[in-house]
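So this one's run-v3.cif, mmCIF, C-alpha atoms:
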```cif
data_run
loop_
_atom_site.label_atom_id
_atom_site.label_comp_id
_atom_site.auth_asym_id
_atom_site.auth_seq_id
_atom_site.Cartn_x
_atom_site.Cartn_y
_atom_site.Cartn_z
CA MET A 1 -69.78 -7.50 -24.26
CA ASN A 2 -66.92 -9.35 -26.05
CA VAL A 3 -66.79 -6.65 -28.71
CA ARG A 4 -66.45 -4.00 -26.00
CA LEU A 5 -63.50 -5.82 -24.42
CA LEU A 6 -61.88 -6.19 -27.82
CA VAL A 7 -62.20 -2.44 -28.48
CA VAL A 8 -60.68 -1.62 -25.07
CA ALA A 9 -57.79 -4.05 -25.68
CA ILE A 10 -57.09 -2.53 -29.11
CA PHE A 11 -57.20 0.99 -27.62
CA PHE A 12 -54.61 0.16 -24.93
CA THR A 13 -52.42 -1.65 -27.46
CA LEU A 14 -52.43 1.44 -29.69
CA ILE A 15 -51.66 3.77 -26.77
CA SER A 16 -48.73 1.64 -25.61
CA SER A 17 -47.39 1.41 -29.17
CA ILE A 18 -47.52 5.17 -29.56
CA ASN A 19 -45.65 5.65 -26.27
CA VAL A 20 -42.94 3.15 -27.23
CA LYS A 21 -42.39 4.76 -30.61
CA ALA A 22 -42.36 8.25 -29.11
CA GLN A 23 -39.68 7.23 -26.61
CA ASP A 24 -37.45 5.68 -29.28
CA THR A 25 -37.94 8.47 -31.79
CA ASP A 26 -36.91 11.08 -29.19
CA ALA A 27 -33.40 9.68 -29.54
CA ILE A 28 -30.81 11.83 -31.26
CA THR A 29 -28.15 9.68 -32.89
CA ASN A 30 -25.15 10.90 -34.87
CA ILE A 31 -22.71 8.60 -36.63
CA ASP A 32 -19.56 10.71 -36.80
CA ASP A 33 -17.11 8.38 -38.54
CA ILE A 34 -16.58 4.88 -39.91
CA TRP A 35 -13.26 3.37 -40.89
CA LEU A 36 -12.22 -0.12 -41.88
CA GLU A 37 -9.20 -2.09 -40.75
CA HIS A 38 -8.34 -5.00 -43.05
CA ASN A 39 -6.60 -8.35 -42.48
CA VAL A 40 -6.90 -8.38 -38.71
CA TYR A 41 -7.12 -11.60 -36.72
CA HIS A 42 -10.01 -12.10 -34.32
CA GLY A 43 -9.36 -15.45 -32.69
CA ASN A 44 -8.43 -17.77 -35.56
CA ALA A 45 -10.36 -15.80 -38.19
CA LYS A 46 -8.76 -13.23 -40.47
CA GLY A 47 -11.08 -10.42 -41.40
CA MET A 48 -12.07 -6.81 -41.21
CA ILE A 49 -12.88 -4.61 -38.25
CA ILE A 50 -15.48 -1.93 -38.80
CA HIS A 51 -14.72 0.99 -36.46
CA ILE A 52 -17.60 3.35 -35.66
CA SER A 53 -17.66 6.64 -33.79
CA PHE A 54 -21.14 7.75 -32.71
CA THR A 55 -23.17 9.58 -30.08
CA ILE A 56 -26.69 8.86 -28.88
CA GLU A 57 -28.93 10.99 -26.67
CA ASN A 58 -32.24 10.35 -24.89
CA MET A 59 -31.87 6.57 -24.72
CA LYS A 60 -30.48 6.24 -21.16
CA GLY A 61 -31.09 2.80 -19.68
CA ARG A 62 -32.00 1.15 -22.98
CA SER A 63 -30.22 -1.12 -25.42
CA ILE A 64 -29.41 -0.38 -29.03
CA GLN A 65 -28.40 -2.55 -31.96
CA VAL A 66 -25.33 -1.57 -34.01
CA GLY A 67 -25.07 -3.35 -37.37
CA ALA A 68 -22.80 -3.21 -40.39
CA TYR A 69 -24.46 -4.27 -43.66
CA PHE A 70 -22.61 -5.14 -46.85
CA PHE A 71 -23.46 -4.38 -50.47
CA ASP A 72 -21.90 -5.37 -53.81
CA SER A 73 -20.65 -2.89 -56.42
CA TYR A 74 -24.21 -2.53 -57.77
CA GLY A 75 -25.66 -1.65 -54.36
CA ASN A 76 -27.31 -5.04 -53.87
CA PRO A 77 -27.18 -6.66 -50.43
CA VAL A 78 -24.47 -9.33 -50.21
CA LYS A 79 -26.14 -12.72 -49.74
CA ALA A 80 -25.00 -14.77 -46.76
CA ASN A 81 -25.17 -18.31 -48.12
CA ASN A 82 -23.75 -20.93 -45.74
CA VAL A 83 -22.82 -18.24 -43.20
CA PRO A 84 -23.39 -18.65 -39.44
CA MET A 85 -26.41 -16.82 -38.00
CA GLN A 86 -24.21 -14.30 -36.19
CA TYR A 87 -23.15 -12.87 -39.59
CA ARG A 88 -26.49 -12.65 -41.39
CA THR A 89 -29.88 -11.06 -41.11
CA ARG A 90 -33.13 -13.03 -40.93
CA ASP A 91 -33.64 -12.45 -44.65
CA GLY A 92 -30.14 -13.68 -45.56
CA GLN A 93 -28.03 -10.51 -45.92
CA LEU A 94 -24.40 -10.55 -44.79
CA CYS A 95 -23.92 -8.38 -41.70
CA SER A 96 -22.06 -8.00 -38.44
CA GLY A 97 -23.74 -6.61 -35.38
CA SER A 98 -23.94 -6.39 -31.64
CA GLN A 99 -25.98 -4.89 -28.88
CA ALA A 100 -24.87 -1.96 -26.69
CA TYR A 101 -26.31 -0.52 -23.50
CA VAL A 102 -26.77 3.25 -23.23
CA LYS A 103 -25.63 4.31 -19.73
CA TYR A 104 -26.13 8.08 -19.85
CA GLU A 105 -28.47 10.68 -21.37
CA SER A 106 -25.67 11.51 -23.81
CA THR A 107 -23.41 8.55 -24.52
CA SER A 108 -20.52 8.47 -27.00
CA TRP A 109 -18.53 5.62 -28.47
CA GLU A 110 -15.25 6.81 -30.00
CA ASP A 111 -14.26 3.41 -31.37
CA TYR A 112 -17.08 0.86 -31.38
CA LYS A 113 -15.86 -2.27 -33.20
CA LEU A 114 -17.56 -4.95 -35.27
CA PHE A 115 -15.76 -7.86 -36.96
CA ILE A 116 -16.49 -9.80 -40.16
CA PRO A 117 -14.32 -12.67 -41.50
CA ASN A 118 -12.74 -12.22 -44.94
CA GLY A 119 -13.95 -15.65 -46.02
CA TYR A 120 -17.53 -14.42 -46.43
CA PHE A 121 -16.56 -12.19 -49.37
CA ARG A 122 -15.56 -13.16 -52.91
CA ASP A 123 -12.99 -11.02 -54.71
CA GLY A 124 -14.57 -7.74 -55.77
CA GLU A 125 -15.77 -4.28 -54.86
CA TYR A 126 -18.06 -3.77 -51.86
CA SER A 127 -19.47 -1.14 -49.59
CA CYS A 128 -20.43 -1.15 -45.94
CA ALA A 129 -23.06 0.97 -44.15
CA VAL A 130 -23.79 1.05 -40.44
CA GLN A 131 -27.26 1.23 -38.95
CA ILE A 132 -28.11 1.97 -35.33
CA SER A 133 -31.54 0.86 -34.12
CA SER A 134 -33.43 0.77 -30.86
CA ASN A 135 -33.97 -2.64 -29.31
CA ARG A 136 -37.54 -2.33 -30.62
CA GLY A 137 -36.31 -2.19 -34.21
CA ILE A 138 -36.76 1.53 -34.85
CA VAL A 139 -33.92 2.85 -37.03
CA LEU A 140 -32.19 5.73 -35.25
CA ALA A 141 -29.37 6.45 -37.72
CA VAL A 142 -27.81 5.14 -40.94
CA SER A 143 -24.30 6.03 -42.03
CA ASP A 144 -22.91 6.88 -45.42
CA SER A 145 -21.34 3.91 -47.21
CA VAL A 146 -17.64 3.13 -47.03
CA SER A 147 -16.16 1.28 -50.06
CA PHE A 148 -13.57 -1.47 -49.96
CA THR A 149 -12.06 -4.15 -52.19
CA LYS A 150 -11.62 -7.82 -51.37
CA SER A 151 -8.84 -9.47 -53.36
CA SER A 152 -6.84 -12.68 -53.04
CA TYR A 153 -3.13 -12.19 -52.55
#
```

Translate the structure of the given file into structure tokens.
Amino acid sequence: MNVRLLVVAIFFTLISSINVKAQDTDAITNIDDIWLEHNVYHGNAKGMIIHISFTIENMKGRSIQVGAYFFDSYGNPVKANNVPMQYRTRDGQLCSGSQAYVKYESTSWEDYKLFIPNGYFRDGEYSCAVQISSNRGIVLAVSDSVSFTKSSY
């Protein structure tokens, strides 16, 4: 009898997982443009604003995650040592991100903004890529990389 209940529980778990993934993967997401604005103040911090233009369809009423991830000149993720949690991933990569709510069947953001302080970068060459994910962690779109240089003046 316990084995039968276990099989039924596994079956319903699989069915609900398939439905969740199908809903999220029906989304159509296009990242149209990314541009960087350097040496901008956000509160007391001087840093960079990552501007993103994108459209998402078939996600009405759900939340998405928009994240900018940073890589060194060799394409390795930039480590976020001694960086507050809001600017790093769980595995320690430097990032900036926020959550957005999709209000309509087709929703566009012409200038979605993320901020990262300059102090988290050493002098050097870097790149930034943006990823948009469902609130369930399914990647919906990844942008091309945008290069930039951090240098002390």

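Taking atom CA of Ala129 of chain A as the reference point, atom CA of Val142 of chain A is found at 7.1 Å.
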
Q: Would you list the contacts of Gln86 of chain A as a list in words, taking every protein, DNA or RNA residue within 10 Å and counting all atoms listed in the file, but skipping same-chain residues closer than 5 positions in sequence?
A: Leu94, Cys95, Ser96, Gly97, Ser98 and Ile116 of chain A

Q | Spatial neighbours of Tyr41 of chain A, max dist 12 Å, all atoms listed in the file, sep filter under 3 positions, as a list of chain:residue names | A | A:Glu37, A:His38, A:Asn44, A:Ala45, A:Lys46, A:Gly47, A:Met48, A:Ile49, A:Phe115, A:Ile116, A:Pro117, A:Asn118

Q: Tell me which protein, DNA and RNA residues are within 7 Å of Gly124 of chain A, counting all atoms listed in the file, leaving out same-chain ones fewer than 5 positions away, and put them as an NGL selection string.
A: :A and (149-151)

(Q) Counting all atoms listed in the file, find residues at most 7 Å from (-28.0, -5.8, -47.0) (file frame) and give them as number ranges by chain. (A) A: 69-71, 76-78, 93-94

Q: In Å, rounded to a single decimal, give me how far atom CA of Gln131 of chain A is from atom CA of Val66 of chain A.
A: 6.0 Å

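The closest residue to Asp144 of chain A, picked from A:Trp109, A:Tyr87, A:Trp35, A:Tyr74 and counting only C-alpha atoms, is A:Trp35.
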
**Q.** Gap from atom CA of Ser145 of chain A to atom CA of His42 of chain A - Å, one decimal
**A.**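 Straight-line distance from atom CA of Ser145 of chain A to atom CA of His42 of chain A works out to 23.5 Å.
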
Q: With a distance cut-off of 8 Å and all atoms listed in the file, select the neighbouring residues of Val102 of chain A, excluding the residue or stretch itself and same-chain residues fewer than 2 positions from it, and output the selection as a list of chain:residue names.
A: A:Ile56, A:Met59, A:Lys60, A:Gly61, A:Arg62, A:Ser63, A:Ile64, A:Ala100, A:Tyr104, A:Glu105, A:Thr107

Q.
I'd like the residues picked by the PyMOL selection byres ((chain A and resi 29) around 7) written out as a ChimeraX atom specification, using the chain letters and numbers from the file.
A. /A:27-28,30-31,55-57,140-141

Q. Restricting the calculation to only C-alpha atoms, which member of A:Ser108, A:Asn58, A:Thr89, A:Ser73 is positioned closest to Asp26 of chain A?
A.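 Of the candidates, the smallest distance to Asp26 of chain A is held by A:Asn58.
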
Q | For Phe121 of chain A, the nearest of the candidates A:Gln65, A:Asn82, A:Asn135, A:Ser106, counting all atoms listed in the file | A |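 Ranking A:Gln65, A:Asn82, A:Asn135, A:Ser106 by distance to Phe121 of chain A, first place goes to A:Asn82.
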
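Residue nearest Tyr112 of chain A within the list A:Ser127, A:Asp33, A:Asn39, A:Ser53: A:Ser53 [criterion: smallest interatomic distance, all atoms listed in the file].
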
Q. What does the PyMOL selection byres ((chain A and resi 81) around 9) select in this file, as a PyMOL selection string?
A. chain A and resi 79-80+82-84+88+92-94+120

Pull C-alpha atoms from the residues just selected and write them as a PDB file, in the frame of the given file.
```pdb
ATOM      1  CA  LYS A  79     -26.140 -12.720 -49.740  1.00  0.00           C
ATOM      2  CA  ALA A  80     -25.000 -14.770 -46.760  1.00  0.00           C
ATOM      3  CA  ASN A  82     -23.750 -20.930 -45.740  1.00  0.00           C
ATOM      4  CA  VAL A  83     -22.820 -18.240 -43.200  1.00  0.00           C
ATOM      5  CA  PRO A  84     -23.390 -18.650 -39.440  1.00  0.00           C
ATOM      6  CA  ARG A  88     -26.490 -12.650 -41.390  1.00  0.00           C
ATOM      7  CA  GLY A  92     -30.140 -13.680 -45.560  1.00  0.00           C
ATOM      8  CA  GLN A  93     -28.030 -10.510 -45.920  1.00  0.00           C
ATOM      9  CA  LEU A  94     -24.400 -10.550 -44.790  1.00  0.00           C
ATOM     10  CA  TYR A 120     -17.530 -14.420 -46.430  1.00  0.00           C
TER      11      TYR A 120
END
```

Grab all the atoms of segment 39-43 of chain A that the file lists, wrap them in a box along x, y and z, add 5 Å per side, and give me centre plus edge lengths in Å (one decimal) as JSON.
```
{"center_x": -8.3, "center_y": -11.9, "center_z": -37.6, "size_x": 13.4, "size_y": 17.1, "size_z": 19.8}
```
